[in-house]
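Text of the file query14.txt, holding compact mmCIF, C-alpha atoms:
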# COMPACT_ATOMS: atom_id res chain seq x y z
CA MET A 1 -15.71 -4.63 -35.35
CA PRO A 2 -13.86 -7.22 -37.50
CA ASP A 3 -12.81 -10.58 -36.07
CA ILE A 4 -9.43 -10.48 -34.33
CA LYS A 5 -7.23 -13.21 -32.96
CA LEU A 6 -6.22 -13.11 -29.31
CA ILE A 7 -2.51 -12.82 -30.12
CA ASP A 8 -3.16 -9.94 -32.52
CA LEU A 9 -5.24 -8.18 -29.89
CA ILE A 10 -2.42 -8.53 -27.36
CA ASN A 11 0.20 -7.27 -29.81
CA SER A 12 -1.89 -4.32 -30.97
CA ALA A 13 -2.79 -3.16 -27.46
CA ALA A 14 0.80 -3.57 -26.20
CA ALA A 15 2.10 -1.47 -29.11
CA LYS A 16 -0.24 1.39 -28.14
CA LEU A 17 1.02 1.36 -24.57
CA GLN A 18 4.62 1.14 -25.70
CA ARG A 19 4.21 4.33 -27.71
CA ILE A 20 3.53 6.28 -24.52
CA ASP A 21 6.36 4.58 -22.59
CA VAL A 22 4.22 2.57 -20.17
CA ASP A 23 6.44 0.14 -18.27
CA VAL A 24 6.08 -3.50 -19.34
CA PRO A 25 3.24 -2.76 -21.79
CA ARG A 26 2.66 -6.38 -22.71
CA VAL A 27 2.27 -7.43 -19.09
CA ASN A 28 -0.26 -4.62 -18.65
CA VAL A 29 -2.34 -5.98 -21.53
CA GLU A 30 -2.03 -9.57 -20.33
CA ARG A 31 -3.24 -8.64 -16.85
CA MET A 32 -6.21 -6.75 -18.27
CA LEU A 33 -7.18 -9.72 -20.40
CA CYS A 34 -6.76 -12.12 -17.47
CA ALA A 35 -9.20 -9.97 -15.48
CA ILE A 36 -11.68 -10.02 -18.36
CA LEU A 37 -11.31 -13.74 -19.16
CA HIS A 38 -10.74 -14.90 -15.54
CA CYS A 39 -7.65 -16.84 -16.55
CA ARG A 40 -3.91 -17.01 -15.91
CA ARG A 41 -1.41 -15.18 -18.10
CA VAL A 42 -0.06 -18.48 -19.44
CA ASP A 43 -3.59 -19.43 -20.54
CA LEU A 44 -3.62 -16.54 -22.99
CA TYR A 45 -1.01 -18.34 -25.08
CA VAL A 46 -2.43 -21.86 -24.95
CA ASP A 47 -4.78 -21.00 -27.80
CA SER A 48 -3.53 -17.59 -28.85
CA GLU A 49 -4.84 -17.98 -32.42
CA LYS A 50 -8.47 -18.15 -31.34
CA VAL A 51 -10.80 -15.32 -32.32
CA VAL A 52 -11.92 -13.21 -29.38
CA SER A 53 -15.52 -12.16 -28.92
CA LYS A 54 -16.71 -8.63 -29.57
CA SER A 55 -17.47 -8.25 -25.86
CA VAL A 56 -13.91 -9.14 -24.82
CA ALA A 57 -12.43 -6.76 -27.39
CA GLN A 58 -14.69 -3.94 -26.19
CA GLN A 59 -13.86 -4.54 -22.52
CA LEU A 60 -10.16 -4.44 -23.31
CA GLU A 61 -10.61 -1.29 -25.35
CA SER A 62 -12.30 0.39 -22.38
CA MET A 63 -9.50 -0.62 -20.01
CA LEU A 64 -6.86 0.35 -22.53
CA PHE A 65 -8.34 3.82 -22.92
CA ARG A 66 -7.97 4.37 -19.17
CA ARG A 67 -4.38 3.08 -19.20
CA LEU A 68 -3.53 5.35 -22.14
CA GLU A 69 -4.68 8.21 -19.90
CA LEU A 70 -2.02 6.94 -17.44
CA GLU A 71 -4.52 5.71 -14.87
CA PRO A 72 -2.62 3.12 -12.78
CA LEU A 73 -3.24 -0.47 -13.77
CA GLN A 74 -4.08 -1.36 -10.16
CA TYR A 75 -6.98 1.10 -10.17
CA ILE A 76 -8.22 -0.18 -13.52
CA LEU A 77 -8.19 -3.78 -12.28
CA GLY A 78 -9.53 -2.78 -8.88
CA GLU A 79 -6.92 -4.78 -6.99
CA THR A 80 -3.26 -5.50 -6.52
CA GLU A 81 -1.16 -8.10 -4.73
CA PHE A 82 0.55 -7.26 -1.45
CA TYR A 83 2.48 -9.73 0.69
CA GLY A 84 0.99 -12.50 -1.43
CA LEU A 85 -2.58 -11.34 -0.75
CA PRO A 86 -5.19 -9.77 -3.03
CA ILE A 87 -5.91 -6.21 -1.92
CA LYS A 88 -8.74 -4.14 -3.33
CA CYS A 89 -7.50 -0.77 -4.44
CA ASP A 90 -8.93 2.32 -6.07
CA ARG A 91 -8.56 6.09 -5.93
CA ARG A 92 -9.68 6.21 -2.30
CA ALA A 93 -6.18 5.25 -1.16
CA LEU A 94 -2.54 5.00 -2.16
CA ILE A 95 -1.52 1.93 -4.17
CA PRO A 96 0.40 -0.57 -1.99
CA ARG A 97 4.08 -0.81 -2.97
CA PRO A 98 6.46 -3.78 -2.64
CA GLU A 99 8.80 -1.78 -0.36
CA THR A 100 6.06 -1.55 2.26
CA GLU A 101 6.16 -5.33 2.65
CA PHE A 102 9.33 -4.85 4.73
CA VAL A 103 7.15 -3.19 7.40
CA VAL A 104 4.96 -6.29 7.48
CA SER A 105 7.73 -8.88 7.59
CA LYS A 106 9.60 -7.07 10.36
CA THR A 107 6.48 -6.62 12.47
CA ILE A 108 5.57 -10.30 12.13
CA GLU A 109 9.10 -11.22 13.20
CA LEU A 110 8.86 -8.99 16.28
CA LEU A 111 5.43 -10.21 17.40
CA GLN A 112 5.22 -13.84 16.31
CA ASP A 113 6.18 -15.32 19.68
CA LYS A 114 3.64 -13.29 21.68
CA ASP A 115 0.22 -14.66 22.63
CA LEU A 116 -2.27 -11.81 22.09
CA VAL A 117 -1.08 -8.66 20.39
CA TYR A 118 -2.68 -5.33 19.58
CA VAL A 119 -1.53 -3.61 16.40
CA LEU A 120 -2.37 -0.13 15.15
CA ASP A 121 -2.21 0.45 11.38
CA LEU A 122 -1.81 4.23 11.38
CA ALA A 123 -2.85 6.18 8.26
CA CYS A 124 -3.90 2.79 6.96
CA GLY A 125 -5.03 3.59 3.41
CA THR A 126 -6.12 0.28 1.86
CA GLY A 127 -5.33 -1.46 5.15
CA CYS A 128 -2.76 -3.63 3.40
CA ILE A 129 -0.19 -3.56 6.21
CA GLY A 130 -2.60 -4.42 9.01
CA ILE A 131 -4.39 -7.04 6.93
CA ALA A 132 -1.15 -8.82 5.98
CA ILE A 133 -0.13 -8.83 9.65
CA ALA A 134 -3.54 -10.13 10.79
CA VAL A 135 -3.57 -12.91 8.18
CA ASN A 136 -0.12 -14.07 9.26
CA LEU A 137 -0.59 -13.53 13.01
CA PRO A 138 -3.87 -15.12 14.17
CA GLN A 139 -3.24 -13.72 17.65
CA ALA A 140 -3.33 -10.12 16.38
CA GLN A 141 -6.16 -7.65 16.93
CA VAL A 142 -5.73 -4.76 14.49
CA THR A 143 -7.06 -1.21 14.66
CA PHE A 144 -7.09 0.82 11.45
CA THR A 145 -7.03 4.61 11.56
CA ASP A 146 -7.05 7.19 8.78
CA ILE A 147 -8.03 10.81 8.40
CA SER A 148 -9.89 9.81 5.23
CA GLN A 149 -13.29 8.16 5.62
CA ASP A 150 -12.97 6.94 2.03
CA ALA A 151 -9.72 5.15 2.82
CA LEU A 152 -11.27 3.59 5.93
CA SER A 153 -14.18 2.26 3.90
CA LEU A 154 -11.71 0.62 1.54
CA ALA A 155 -9.75 -0.87 4.46
CA GLN A 156 -13.03 -2.27 5.79
CA GLU A 157 -13.75 -3.89 2.42
CA ASN A 158 -10.32 -5.49 2.45
CA ALA A 159 -10.81 -6.75 6.01
CA ARG A 160 -14.06 -8.40 4.93
CA LEU A 161 -12.37 -9.84 1.85
CA HIS A 162 -9.99 -11.72 4.15
CA ASN A 163 -12.62 -12.64 6.76
CA LEU A 164 -11.04 -10.42 9.42
CA ALA A 165 -14.08 -8.37 10.44
CA ALA A 166 -14.14 -9.90 13.94
CA ARG A 167 -10.50 -9.00 14.58
CA VAL A 168 -10.37 -5.41 13.36
CA ALA A 169 -11.62 -2.01 14.46
CA LEU A 170 -11.78 1.14 12.34
CA ARG A 171 -11.36 4.69 13.65
CA ALA A 172 -11.49 7.95 11.69
CA GLY A 173 -9.11 10.70 12.75
CA ASP A 174 -5.71 12.32 12.32
CA LEU A 175 -2.73 10.50 13.80
CA PHE A 176 -3.66 9.07 17.23
CA SER A 177 -6.68 11.29 17.95
CA SER A 178 -9.24 8.55 17.32
CA VAL A 179 -7.64 5.92 19.59
CA ARG A 180 -6.15 7.97 22.40
CA GLY A 181 -9.27 7.70 24.57
CA ASP A 182 -9.83 3.97 24.02
CA GLY A 183 -7.50 2.90 26.82
CA VAL A 184 -5.70 0.44 24.53
CA MET A 185 -1.91 0.31 24.41
CA PHE A 186 -0.43 -1.26 21.33
CA ASP A 187 2.30 -3.86 20.95
CA ALA A 188 3.09 -2.34 17.56
CA VAL A 189 2.20 0.77 15.58
CA VAL A 190 2.80 0.24 11.87
CA CYS A 191 2.67 2.93 9.24
CA ASN A 192 3.41 3.89 5.67
CA PRO A 193 3.20 7.65 6.23
CA PRO A 194 3.26 10.49 3.73
CA TYR A 195 6.93 11.42 3.25
CA ILE A 196 7.27 13.27 -0.07
CA LYS A 197 8.58 16.85 0.03
CA THR A 198 5.96 19.38 -1.02
CA GLY A 199 8.43 20.85 -3.50
CA ASP A 200 8.89 17.48 -5.19
CA TRP A 201 5.22 17.11 -6.17
CA GLN A 202 5.74 18.20 -9.77
CA LEU A 203 8.68 15.80 -10.10
CA LEU A 204 6.43 12.79 -9.53
CA HIS A 205 5.18 10.82 -12.52
CA ARG A 206 1.85 12.05 -13.88
CA GLN A 207 0.42 8.61 -13.14
CA ILE A 208 0.88 9.40 -9.44
CA ARG A 209 -0.01 13.11 -9.51
CA ASP A 210 -3.22 12.67 -11.47
CA TYR A 211 -4.66 9.67 -9.66
CA GLU A 212 -3.26 8.90 -6.22
CA PRO A 213 -4.42 10.91 -3.16
CA LYS A 214 -2.12 13.87 -2.60
CA ARG A 215 -2.71 13.90 1.16
CA ALA A 216 -1.30 10.37 1.41
CA LEU A 217 1.96 11.47 -0.19
CA LEU A 218 3.01 15.00 0.83
CA ALA A 219 4.45 15.90 4.25
CA GLY A 220 5.92 19.39 4.28
CA ASP A 221 9.12 21.00 3.09
CA ASP A 222 11.39 18.08 3.98
CA GLY A 223 8.75 15.33 3.83
CA LEU A 224 8.99 14.59 7.54
CA ASP A 225 6.10 16.54 9.07
CA PHE A 226 3.91 13.47 9.65
CA ILE A 227 6.80 11.29 10.87
CA ARG A 228 7.94 13.94 13.38
CA GLN A 229 4.46 14.26 14.86
CA MET A 230 4.02 10.49 14.94
CA LEU A 231 7.30 10.00 16.79
CA ALA A 232 6.46 12.78 19.26
CA GLU A 233 3.25 10.97 20.26
CA VAL A 234 3.86 7.27 19.63
CA GLY A 235 5.55 6.48 22.96
CA GLU A 236 2.33 7.05 24.91
CA MET A 237 0.46 4.65 22.61
CA LEU A 238 2.88 1.72 23.00
CA VAL A 239 3.20 -0.86 25.75
CA PRO A 240 6.65 -0.88 27.38
CA GLY A 241 8.93 -2.56 24.86
CA GLY A 242 6.39 -2.01 22.06
CA TYR A 243 7.48 -1.10 18.55
CA CYS A 244 6.76 1.50 15.91
CA VAL A 245 7.67 0.16 12.46
CA PHE A 246 7.32 2.61 9.61
CA GLU A 247 8.41 3.43 6.09
CA MET A 248 10.46 6.52 5.22
CA GLY A 249 11.80 8.23 2.12
CA GLN A 250 15.20 8.06 0.51
CA GLY A 251 17.75 10.12 2.46
CA GLN A 252 15.51 10.59 5.52
CA ALA A 253 17.07 7.98 7.82
CA ASP A 254 19.62 10.29 9.44
CA GLU A 255 17.00 12.89 10.33
CA VAL A 256 14.71 10.15 11.66
CA ARG A 257 17.54 8.94 13.89
CA ARG A 258 18.09 12.52 15.13
CA VAL A 259 14.40 13.01 15.89
CA VAL A 260 14.17 9.71 17.78
CA SER A 261 17.30 10.43 19.83
CA ALA A 262 15.81 13.79 20.83
CA THR A 263 12.47 12.24 21.85
CA LYS A 264 12.02 11.01 25.39
CA GLY A 265 10.99 7.40 25.92
CA ILE A 266 11.81 5.88 22.52
CA GLU A 267 14.92 4.61 20.79
CA ILE A 268 15.76 3.43 17.31
CA VAL A 269 16.48 -0.30 17.11
CA GLU A 270 17.40 -0.66 13.45
CA THR A 271 16.68 0.41 9.91
CA LEU A 272 16.00 -1.93 7.01
CA GLN A 273 17.12 -1.50 3.42
CA ASP A 274 14.74 -2.02 0.52
CA TYR A 275 15.38 -3.80 -2.79
CA SER A 276 17.52 -0.85 -3.96
CA ALA A 277 19.66 -0.79 -0.79
CA ILE A 278 17.90 2.38 0.41
CA GLU A 279 17.22 2.70 4.15
CA ARG A 280 13.46 2.38 3.85
CA VAL A 281 12.02 1.12 7.16
CA ALA A 282 12.74 2.28 10.70
CA VAL A 283 12.12 0.19 13.82
CA VAL A 284 11.62 2.28 16.94
CA GLN A 285 10.98 0.86 20.43
CA ARG A 286 9.48 2.29 23.59
CA ARG A 287 12.03 2.07 26.36
Kindly return the structure encoded in the file as structure tokens.
Amino acid sequence: MPDIKLIDLINSAAAKLQRIDVDVPRVNVERMLCAILHCRRVDLYVDSEKVVSKSVAQQLESMLFRRLELEPLQYILGETEFYGLPIKCDRRALIPRPETEFVVSKTIELLQDKDLVYVLDLACGTGCIGIAIAVNLPQAQVTFTDISQDALSLAQENARLHNLAARVALRAGDLFSSVRGDGVMFDAVVCNPPYIKTGDWQLLHRQIRDYEPKRALLAGDDGLDFIRQMLAEVGEMLVPGGYCVFEMGQGQADEVRRVVSATKGIEIVETLQDYSAIERVAVVQRR
């Protein structure tokens, strides 16, 4: 392999990604190199004319090959940022999205003035929601549940990463089955549930279809199967006045409101819009 300058390596790799229409190709390359070199993006340009080692070039080539196959950058790097925190992520669970941060911020707002609070991160995936809440609310005890043992193992790794092992519990099971017999009532149930229509699967980008867990995305003909079941059962899991804060899909807010109004013991408090002015998060309270 001939000698190559850092700037030329960046430009060459970015051009390859651009040819397959990867979003922000240069940023992708910069982040890969930062992971390899353990540096900041700005540091790449402090001495961009330096010749890179053969090892660095080979590591980038390996990462680039995976990205050219449309594997998500977060899986290649093994982590992402969520609510300002590093979160380990791989194919065991869905990649945390910025919109889900609204679930965290609202839950913190609702619970911050309480002394000791119990939070359930339902269908937790990476555990990003519960971990962000626990980091920002020292008084919170968080239980993580997921039907996937693989996802739970990843959530456990993230809890350890943030030194939260003493404040979390992990339970394997569908919906509330794994916590119903514990005798614990929760101040908040938080969730980023599956909400994609089964018929929309082929419309999703190949980057999602080929790599992210299908079970964490699809929820029946209208995308609301999981949410309906959650709302039917959540009242019995909440303390009086407790909250269920969850994400939903575009265009689902009206049906969520209808389901809540038809369900005894709970009421909808508000919905929150995301960065695109889409009603993205619902706040439901036990009466």
### Neighbour list for Val239 (chain A) as a count of residues only, cut-off 10 Å, only C-alpha atoms, skip fewer than 3 positions in-chain
13
#### Entry: Residues near Tyr75 (chain A), cut-off 7 Å, only C-alpha atoms, skip fewer than 6 positions along chain, as a list in words
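Here the qualifying residues turn out to be Cys89, Asp90 and Arg91 of chain A.
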### Task
Step by step: start from the point (11.7, -1.4, 19.0) in the file's coordinates, keep every protein, DNA or RNA residue that has an atom no farther than 12 Å from it, count only C-alpha atoms, and write the set as JSON, numbers by chain.
{"A": [106, 107, 109, 110, 111, 187, 188, 189, 190, 234, 235, 238, 239, 240, 241, 242, 243, 244, 245, 246, 260, 265, 266, 267, 268, 269, 270, 271, 282, 283, 284, 285, 286, 287]}
Leaving out Leu44 (chain A) and any residue of its chain fewer than 6 positions from it, which residues lie within 9 Å of it when counting all atoms listed in the file, given as a compact mmCIF listing (two decimals) with C-alpha atoms, in the frame of the given file?
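result_36.txt, written as the output of this step:
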# COMPACT_ATOMS: atom_id res chain seq x y z
CA LEU A 6 -6.22 -13.11 -29.31
CA ILE A 7 -2.51 -12.82 -30.12
CA GLU A 30 -2.03 -9.57 -20.33
CA LEU A 33 -7.18 -9.72 -20.40
CA CYS A 34 -6.76 -12.12 -17.47
### Message
From the options A:Ile4, A:Leu85, A:Ala132, A:Ala57, which residue's atoms come nearest to Phe102 (chain A), counting all atoms listed in the file?
### Response
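Under the stated criterion, the closest residue is A:Ala132.
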### For Gly249 (chain A), the nearest of the candidates A:Asn11, A:Ser261, A:Asn28, A:Thr100, counting all atoms listed in the file
A:Thr100
### Query
With distances taken over all atoms listed in the file, which of A:Cys124, A:Leu203, A:Val135, A:Ile196 is nearest to Leu170 (chain A)?
A:Cys124
### Message
Rounded to one decimal, what separation in Å do you get between CA of Arg228 (chain A) and CA of Ile147 (chain A)?
### Response
17.0 Å
### Query
Given the choices A:Val179, A:Asn163, A:Lys114, A:Gly78, which gets closest to Thr143 (chain A) if the distance is worked out from only C-alpha atoms?
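The closest residue to Thr143 (chain A) is A:Val179.
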### Query
What separation in Å, quoted to one decimal, exists between CA of Asp43 (chain A) and CA of Ala15 (chain A)?
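Separation of CA of Asp43 (chain A) and CA of Ala15 (chain A): 20.7 Å.
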### Task
Could you jot down the CA of Glu81 (chain A) to CA of Leu154 (chain A) separation for me, Å, one decimal place?
15.1 Å
Pick out the residues sitting within 9 Å of Ala232 (chain A), and hand them over as a PDB file with C-alpha atoms, in the coordinates of the input; count all atoms listed in the file, and ignore anything fewer than 6 positions along from it in its own chain.
ATOM      1  CA  VAL A 259      14.400  13.010  15.890  1.00  0.00           C
ATOM      2  CA  VAL A 260      14.170   9.710  17.780  1.00  0.00           C
ATOM      3  CA  THR A 263      12.470  12.240  21.850  1.00  0.00           C
ATOM      4  CA  LYS A 264      12.020  11.010  25.390  1.00  0.00           C
TER       5      LYS A 264
END
#### Entry: Surrounding residues of Glu279 (chain A) excluding itself and chain neighbours under 4 positions, 9 Å, only C-alpha atoms, as number ranges by chain
A: 248-253, 271-274
### Query
At a cut-off of 12 Å from (-6.3, -14.1, -33.2) in the coordinates of the file, what residues are picked up using all atoms listed in the file, written as an MDAnalysis selection string?
chainID A and resid 2:12 44:53 57
### Given all atoms listed in the file as the counted atoms, nearest of A:Glu157, A:Asp210, A:Asp23, A:Asp150 to Ile87 (chain A)
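Checking each candidate against Ile87 (chain A), we get A:Glu157 as the closest.
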